[in-house]
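The block underneath contains the structure these notes are about, expressed in structure tokens.
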Number of protein chains: 6
Amino acid sequence: MANLHLDLIQQALAEDGAEADVTTLSTVPLEQQTQANIIVRQAGVIAGLAIAVATFRELDQRISIETLLQDGAVVQPGQVLALISGPARSVLSAERVALNFLGHLSGIATLTAKCVRALEGSEARILDTRKTTPGLRSLEKEAVRLGGGQNHRFNLSDGVLIKDNHIKAAGGISLAISLARRQAPHLLKIEVECETLIEVREALEAEADVILLDNMHVDTMRSAVEFIRRASPKVLIEASGSIGTNPVKLASVAATGVDFISLGAITHSAPQLDVSLEFD
Amino acid sequence: MANLHLDLIQQALAEDGAEADVTTLSTVPLEQQTQANIIVRQAGVIAGLAIAVATFRELDQRISIETLLQDGAVVQPGQVLALISGPARSVLSAERVALNFLGHLSGIATLTAKCVRALEGSEARILDTRKTTPGLRSLEKEAVRLGGGQNHRFNLSDGVLIKDNHIKAAGGISLAISLARRQAPHLLKIEVECETLIEVREALEAEADVILLDNMHVDTMRSAVEFIRRASPKVLIEASGSIGTNPVKLASVAATGVDFISLGAITHSAPQLDVSLEFD
Amino acid sequence: MANLHLDLIQQALAEDGAEADVTTLSTVPLEQQTQANIIVRQAGVIAGLAIAVATFRELDQRISIETLLQDGAVVQPGQVLALISGPARSVLSAERVALNFLGHLSGIATLTAKCVRALEGSEARILDTRKTTPGLRSLEKEAVRLGGGQNHRFNLSDGVLIKDNHIKAAGGISLAISLARRQAPHLLKIEVECETLIEVREALEAEADVILLDNMHVDTMRSAVEFIRRASPKVLIEASGSIGTNPVKLASVAATGVDFISLGAITHSAPQLDVSLEFD
Amino acid sequence: MANLHLDLIQQALAEDGAEADVTTLSTVPLEQQTQANIIVRQAGVIAGLAIAVATFRELDQRISIETLLQDGAVVQPGQVLALISGPARSVLSAERVALNFLGHLSGIATLTAKCVRALEGSEARILDTRKTTPGLRSLEKEAVRLGGGQNHRFNLSDGVLIKDNHIKAAGGISLAISLARRQAPHLLKIEVECETLIEVREALEAEADVILLDNMHVDTMRSAVEFIRRASPKVLIEASGSIGTNPVKLASVAATGVDFISLGAITHSAPQLDVSLEFD
Amino acid sequence: MANLHLDLIQQALAEDGAEADVTTLSTVPLEQQTQANIIVRQAGVIAGLAIAVATFRELDQRISIETLLQDGAVVQPGQVLALISGPARSVLSAERVALNFLGHLSGIATLTAKCVRALEGSEARILDTRKTTPGLRSLEKEAVRLGGGQNHRFNLSDGVLIKDNHIKAAGGISLAISLARRQAPHLLKIEVECETLIEVREALEAEADVILLDNMHVDTMRSAVEFIRRASPKVLIEASGSIGTNPVKLASVAATGVDFISLGAITHSAPQLDVSLEFD
Amino acid sequence: MANLHLDLIQQALAEDGAEADVTTLSTVPLEQQTQANIIVRQAGVIAGLAIAVATFRELDQRISIETLLQDGAVVQPGQVLALISGPARSVLSAERVALNFLGHLSGIATLTAKCVRALEGSEARILDTRKTTPGLRSLEKEAVRLGGGQNHRFNLSDGVLIKDNHIKAAGGISLAISLARRQAPHLLKIEVECETLIEVREALEAEADVILLDNMHVDTMRSAVEFIRRASPKVLIEASGSIGTNPVKLASVAATGVDFISLGAITHSAPQLDVSLEFD
């Protein structure tokens with residue numbers, strides 16, 4: 001579906017001045033053809049390869065690209081992702097934008113996969129958040145899926161998540177839930193952010209569908225999970241709030257029995273994966 | 001100049017479904033007004049505050065915002081950045097997009113500032129690269145400046161930077177430099193990427209204006225700097241290549257006497273700065 | 001939030017050639033000021049007034065407009081919606097586009113309100129669908145709310161609605177539901193389209209959250225509702241499929257006890273509400 | 001010329017969240033291929049089929065489509081319009097947007113054709129107006145042509161149509177016509193809206209090229225036509241003003257001898273034509 | 001109506017890198033305020049001043065501008081058009097784009113005015129053509145009006161102009177005219193391009209509304225005009241075809257008695273008018 | 001790289017109403033195929049042919065085009081540039097936009113080539129400026145290169161060019177240069193605009209990299225060149241300021257020994273090259 005991102009690709013090529021690459025225009029002959037490889041320098045999970053391919057071809061449709069693996073592939077350092085051939089000038093002028101997409105999105109997939117691995121042995125799953133880079137949400141959410149994570153809300157229309165500010169505005173948890181039940185789209189569950197056991201109880205009594213345990217100490221979280229499971233076995237439980245990507249911390253949170261751990265860091269703080277382009 | 005980014009702001013609000021915030025629409029009364037603060041949770045350098053302000057006001061011009069400091073400010077945890085007042089619904093629906101801009105850009109400014117501090121006592125300066133997030137280059141480059149860094153090329157049209165692939169294509173360093181001198185815009189200096197002392201010598205003989213020492217061991221780098229300073233005192237020297245943001249490593253690179261250290265990591269791998277919005 | 005629709009407004013003014021209104025430019029003096037009223041010619045519910053106001057002001061910021069009522073107002077024929085004053089040329093050149101928004105969206109709100117009235121005395125509520133005009137979805141969905149209807153999914157990301165084609169692809173209702181439960185975002189309920197009582201039973205056994213009774217005869221629908229209420233009292237029930245906007249038909253469907261009746265016709269087939277602009 | 005509408009198609013796919021179709025992504029296997037038919041459920045005239053095809057292919061170029069007839073075709077209930085094959089996920093995710101175009105535009109063509117048939121036996125022809133949906137004018141005007149109607153002005157630059165507000169502003173019919181003759185582009189005829197026989201006479205004396213009989217009773221209209229034919233046989237006559245789409249009313253208007261009947265309703269109030277997609 | 005061109009203004013500021021004006025950012029202090037004048041260096045007619053003003057204010061709303069005259073003004077060398085005050089950096093960074101609009105459009109208005117003056121004493125009027133710069137048509141056509149010219153077609157929808165290629169395609173002049181009369185919008189006159197007196201006669205017999213005398217020698221043109229006036233006094237006559245902007249040539253063409261002379265050169269080959277910005 | 005200009009092409013086709021070409025739609029049969037040639041009517045240098053080809057194909061992909069030469073070709077009157085075949089309607093409806101691109105850009109290339117020829121026998125080279133048409137910069141700068149000219153700055157980020165207003169703002173030439181050296185990107189040379197020999201001396205003492213001799217008499221210019229060559233042989237010298245495109249004047253300026261002559265006129269005042277489309 002790279003087609004749907006052509007505007008973003010064009011904008012990225014424009015902001016990089018790909019049409020006025022003075023180095024390439026002055027040092028590389030017009031007719032020169034090249035063969036080059038996209039190589040990954042770190043272990044990780046690939047995302048954004050289809051976008052990178054589309055970037056090269058958006059700049060110059062004479063570039064042809066053979067991908068050796070697909071988005072979602074687990075890779076080792078030195079592995080070749082794709083073979084590129086075509087006019088040397090165009091390959092060079094599109095390189096940086098293509099690699100910026102690929103490195104950024106693979107970074108997200110890779111960090112997600114690392115967090116997912118930390119939960120092995122538990123039933124808990126990694127969720128992303130809406131803390132994404134402006135303009136890149138759908139690509140970053142796809143990268144999370146490629147890394148084995150699951151998507152939380154894509155945007156404000158696809159889920160009711162009642163946070164502290166909503167509770168203040170509505171005048172309490174129960175009231176907020178009953179308002180939401182009456183007025184929100186009927187296909188959406190109602191999740192409530194709780195910071196204490198008292199809030200958890202109130203949310204359960206008001207029949208929240210999902211409880212978000214926010215910024216709780218692990219011990220409190222464990223108590224909350226036990227309480228919820230006993231009271232309302234069908235209610236889903238999400239842990240959130242500065243949990244971070246440390247595997248030990250993640251495992252301890254998972255051990256409390258929550259269903260989901262949502263992590264802003266996998267999108268807003270993922271270091272890029274190192275990828276490069278090498279001429280043969 | 002937030003005006004120039006209104007398209008990006010609108011796109012970000014759209015991808016977040018800010019017009020269909022089902023939680024807010026169902027739990028917060030239409031007429032409710034609110035007072036809220038933007039608070040930073042970590043020490044750092046602020047960037048993107050003007051964009052965040054423009055985001056709130058793009059969604060609803062009835063929101064008024066008093067900023068207590070400006071982009072570039074050094075902040076401590078708990079510090080209030082801005083006071084917001086206006087319709088509660090609109091404040092809540094714009095919150096995430098505004099904070100995504102603010103957290104991401106402040107993260108870049110903060111990491112840049114940390115690297116700049118590591119160079120104190122030397123003459124070396126921190127440069128960014130073109131390894132930026134697609135669509136956000138000018139904002140990210142501004143964040144680098146706010147953190148005390150200096151901008152390398154904005155795009156492919158504003159500098160000749162001859163890399164290994166260009167050298168291969170042109171048939172050698174000397175040839176590449178002379179082609180560039182003849183054909184590139186006359187206001188642009190010519191920088192050449194060198195990985196060995198032999199390449200450095202060839203670049204100097206061809207009268208490169210700037211030498212980029214790429215992926216060199218610190219000892220080799222020191223020799224290269226000494227050689228260049230003796231041979232061509234006016235030539236500028238940039239160090240690059242997986243240097244990273246470790247302060248000790250940065251200081252050791254700076255101690256070689258290079259003029260610039262360019263760091264992809266300050267844009268492509270900066271963790272966000274934690275900022276939040278709190279209702280009074 | 002008319003700001004978020006400025007692109008659409010600009011596009012509409014451009015496609016109407018508002019800058020080259022040869023009639024107005026040749027017959028109306030440059031300096032002439034005018035006073036005019038926006039008047040509604042039919043009884044109905046107003047939607048799109050804020051967009052209409054923004055359209056006039058987008059063409060010429062010297063136009064000032066006093067709105068006498070707000071979107072959502074119930075109006076009678078002859079009622080004045082807004083007073084406009086400003087340069088006569090600009091008022092005339094923006095008129096048609098502004099009225100096209102206003103008439104189209106008020107038409108949707110009005111038809112919705114008529115359907116909502118038909119359900120008085122029952123608990124059933126009117127839902128819209130995704131059968132909206134390309135490019136106008138958020139405006140049309142807002143018009144539905146203004147008419148007293150409730151929004152179904154805004155788009156494909158905010159609800160799992162398993163239709164016949166998904167069931168064929170997944171290999172059966174049970175399988176489709178279990179796949180969705182495992183992989184779809186955890187805040188989304190799962191709705192399943194059923195055409196027979198056998199399908200209803202299978203969906204209930206697989207623990208669907210919502211049952212859509214599609215294209216059923218009213219008698220079958222009544223049996224299905226009774227069956228569902230007995231088997232799973234918490235399951236929500238939606239009726240759909242060529243029900244149309246006839247009040248008697250709507251009342252008979254509501255009488256079956258369904259929770260929701262979704263109507264494509266309120267967005268895809270609503271006649272416009274007649275509104276006009278009159279110079280004083 | 002579907003190419004010229006790719007922006008609208010992309011926008012429509014984006015607003016429908018076609019990239020995040022959670023139902024399809026979770027229930028339909030990635031590799032599954034499908035065969036499906038686009039079928040029309042009502043008799044009518046087809047418009048928008050080329051746009052619908054372009055929509056499927058914009059989402060995924062691997063979808064291939066064989067159209068069995070072209071825009072403008074007269075169809076019967078149950079007739080297959082096109083055969084679609086390709087990845088099941090993409091077919092399902094593009095379906096609604098493609099059908100929204102097809103149903104809306106075919107609805108306009110169908111209503112137009114019905115009105116055209118009502119004029120059989122007379123010389124009168126059906127015209128559209130500028131009362132179109134914002135953003136869709138050229139598509140809707142094409143649908144009118146496909147239904148056998150003729151286009152009135154595309155926009156404000158292609159015809160001088162002096163209405164009551166222009167007459168007030170100019171200071172009378174004669175003055176308005178002479179101003180327009182002097183200043184409007186020389187390829188444009190001058191049409192004047194008249195509500196009484198007195199106005200008709202004044203317009204003829206000022207040598208209007210076309211007379212629009214607005215909101216006249218059929219008897220008055222007949223008198224006006226006779227008067228005009230006698231006085232100025234070359235002048236064209238258009239009837240307008242809440243005539244509606246009732247065939248008997250249309251026939252009676254046509255019988256007065258007017259050349260054209262313009263109908264806002266064929267674009268602003270056409271119910272959609274029912275089309276659907278069925279998997280084999 | 002500068003609002004309608006904000007997209008073009010933003011695009012022009014972006015392509016000029018107005019956010020990264022390295023000269024200004026490094027040499028002008030952040031807080032420095034300035035006073036500056038826009039001065040015209042050549043005699044001419046002003047167009048584009050409103051767009052230039054909007055350009056400065058789009059970059060920075062703190063810039064305030066007092067215009068001393070309006071678009072359409074006739075100016076002498078050295079005349080001040082506007083007084084600008086505000087942040088020095090923003091004034092400098094917006095200067096070039098603002099002046100590019102102003103110089104280009106004033107160049108068109110000035111050349112048009114020169115051609116209009118050459119026709120003084122005759123009844124003939126200057127028309128523009130569709131030979132405009134891609135993306136700037138409405139602005140360039142407005143500049144023609146400001147220079148005293150009259151607009152020919154804005155685009156392909158607002159006038160029937162049958163050229164040689166249409167005549168070939170239709171199978172002759174008479175056939176082409178009768179096809180157009182039957183099918184083209186009824187508010188459009190029919191103009192036919194004729195290169196010989198024989199063609200003129202055929203066009204008149206087929207009742208063309210307007211005759212375009214294309215590439216005719218002045219003597220032939222005079223004969224054609226006489227013939228047309230005698231045969232069909234109401235038919236309008238336009239001269240076209242490489243006439244150019246030489247005043248003597250223009251006067252001789254006007255002396256043949258044509259109603260209009262259309263000139264591609266006033267839009268496609270107008271030299272800019274020299275305008276500059278000077279700091280106090 | 002015509003792909004990167006598809007937005008501009010679409011916008012140009014839209015502003016020309018290419019979808020509603022009433023002349024063509026009414027006179028040319030739907031099925032008619034045509035063969036046509038693009039022919040140049042004047043001697044010159046071709047630019048914009050690739051864009052023209054993309055324009056035809058953007059309107060209708062069934063049009064096929066064989067180009068007989070490439071952008072940059074030197075042509076004689078009557079030479080055929082390309083053979084076009086396809087649906088007659090689409091060829092006619094795209095013609096004007098395609099030729100507008102081709103004529104405008106070839107006009108720039110042709111005027112540039114004329115100026116370049118005037119410098120034969122000298123070392124001086126022709127530069128363009130930032131005085132380009134809003135929205136067309138990259139295309140116009142490419143046309144300059146095709147004509148044998150060299151590009152000056154693409155935009156404000158790729159070169160430090162200190163003009164009189166910057167000098168005033170900074171407080172003098174020396175100060176401005178030292179500020180720029182400290183803060184501007186390190187790959188950019190520093191050019192200073194000088195109007196007198198005193199300013200030239202100050203700029204040299206402050207170690208400017210490039211001196212722009214602005215609006216100097218040729219004799220002063222010669223003195224300045226001699227002075228600079230003696231004082232700082234590596235400094236580049238550019239002449240600018242109302243030099244114009246007269247070959248004799250250009251040769252006299254070149255004879256002073258400057259390295260570059262920059263000419264706004266080659267972009268802002270180039271008359272179009274006459275090109276046309278002829279049906280076989």
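By order of appearance in the structure tokens: chains A, B, ..., then residues from 1 within every chain, and ligands from 1 in the order shown.
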
### Task
Name the residues of stretch 26-272 of chain F that come out as strand (DSSP E) in a backbone DSSP run; write them as a PyMOL selection string.
chain F and resi 33-40+44-45+64-67+74-75+80-87+125-127+160-162+190-194+210-214+236-240+260-262

### Task
Please return as a ChimeraX atom specification: the residues of stretch 24-254 of chain A that backbone DSSP assigns to alpha helix (DSSP H).
/A:24-27,49-59,88-118,137-146,164-170,173-183,197-205,218-231,247-254

Using only C-alpha atoms, tabulate the residues of chain A lying at most 10 Å from any atom of chain D, each with its closest atom pair and that distance in Å to one decimal, by chain and increasing residue number, as a tab-separated table.
```
residue	atom	partner	partner_atom	distance
A:Met1	CA	D:Leu59	CA	5.9
A:Ala2	CA	D:Leu59	CA	8.5
A:Asn3	CA	D:Glu58	CA	6.6
A:Leu4	CA	D:Gln10	CA	6.6
A:His5	CA	D:Gln10	CA	9.3
A:Leu6	CA	D:Gln10	CA	9.8
A:Asp7	CA	D:Asp7	CA	9.5
A:Ser138	CA	D:Glu19	CA	7.5
A:Leu139	CA	D:Glu19	CA	9.5
A:Lys141	CA	D:Ala20	CA	9.3
A:Glu142	CA	D:Ala20	CA	8.8
A:Asn151	CA	D:Val22	CA	9.8
A:Phe154	CA	D:Ala20	CA	8.0
```

Would you write out those residues with N, CA, C and O atoms, as a compact mmCIF listing (two decimals), in the first residue's frame?
```
# COMPACT_ATOMS: atom_id res chain seq x y z
N MET A 1 0.83 -1.21 0.00
CA MET A 1 0.00 0.00 0.00
C MET A 1 0.86 1.26 0.00
O MET A 1 0.43 2.32 0.46
N ALA A 2 2.09 1.10 -0.52
CA ALA A 2 3.01 2.24 -0.54
C ALA A 2 2.41 3.40 -1.33
O ALA A 2 2.73 4.56 -1.08
N ASN A 3 1.52 3.09 -2.26
CA ASN A 3 0.81 4.12 -3.03
C ASN A 3 0.22 5.21 -2.15
O ASN A 3 0.22 6.39 -2.51
N LEU A 4 -0.33 4.79 -1.02
CA LEU A 4 -1.01 5.75 -0.15
C LEU A 4 -0.04 6.70 0.52
O LEU A 4 -0.44 7.67 1.15
N HIS A 5 1.25 6.42 0.40
CA HIS A 5 2.24 7.26 1.04
C HIS A 5 3.05 8.06 0.04
O HIS A 5 4.07 8.64 0.39
N LEU A 6 2.59 8.09 -1.20
CA LEU A 6 3.36 8.79 -2.22
C LEU A 6 3.50 10.27 -1.90
O LEU A 6 4.54 10.87 -2.18
N ASP A 7 2.49 10.87 -1.31
CA ASP A 7 2.61 12.28 -0.95
C ASP A 7 3.75 12.50 0.04
O ASP A 7 4.53 13.43 -0.12
N SER A 138 0.54 5.91 10.60
CA SER A 138 0.16 4.59 10.07
C SER A 138 1.40 3.75 9.76
O SER A 138 1.40 2.54 9.96
N LEU A 139 2.47 4.40 9.33
CA LEU A 139 3.70 3.64 9.07
C LEU A 139 4.31 3.12 10.38
O LEU A 139 4.79 1.99 10.45
N LYS A 141 2.75 2.52 13.19
CA LYS A 141 1.89 1.47 13.76
C LYS A 141 2.07 0.15 13.01
O LYS A 141 2.00 -0.92 13.60
N GLU A 142 2.31 0.25 11.72
CA GLU A 142 2.59 -0.97 10.96
C GLU A 142 3.93 -1.58 11.41
O GLU A 142 4.07 -2.79 11.51
N ASN A 151 -1.56 -3.14 17.94
CA ASN A 151 -1.89 -1.72 17.94
C ASN A 151 -2.97 -1.38 18.95
O ASN A 151 -4.02 -2.03 19.00
N PHE A 154 -5.69 3.63 16.78
CA PHE A 154 -5.06 4.35 15.69
C PHE A 154 -5.25 5.84 15.89
O PHE A 154 -4.38 6.64 15.63
```

### Message
Give me the residues near stretch 183-195 of chain E as a PyMOL selection string, where near means some atom within 8 Å (using only C-alpha atoms) and where sequence neighbours in that chain fewer than 4 positions away do not count.
### Response
(chain D and resi 150-153+158-160+187-191+210) or (chain E and resi 158-164+173+177+179+199-200+203+208-216) or (chain F and resi 22-23+25-26)

### Query
Counting only C-alpha atoms, what is within 6 Å of E:Ser262, bar same-chain residues fewer than 4 positions away, as a PyMOL selection string?
chain E and resi 126-128+240

### Message
One decimal, in Å: what's the spacing between atom CA of C:Met221 and atom CA of C:Thr256?
### Response
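Result for atom CA of C:Met221 versus atom CA of C:Thr256: 6.6 Å, one decimal.
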
### Message
Please list as a PyMOL selection string every residue within 8 Å of stretch 276-280 of chain A, counting only C-alpha atoms and excluding residues in the same chain fewer than 6 positions away.
### Response
(chain A and resi 34-41+95+99) or (chain B and resi 165)

### Message
I want to know what sits within 9 Å of stretch 66-76 of chain F, based on only C-alpha atoms, with residues of the same chain fewer than 4 positions away left out; could you give that as an MDAnalysis selection string?
### Response
chainID F and resid 40:50 53 80:85 106 109:110 143 145:148
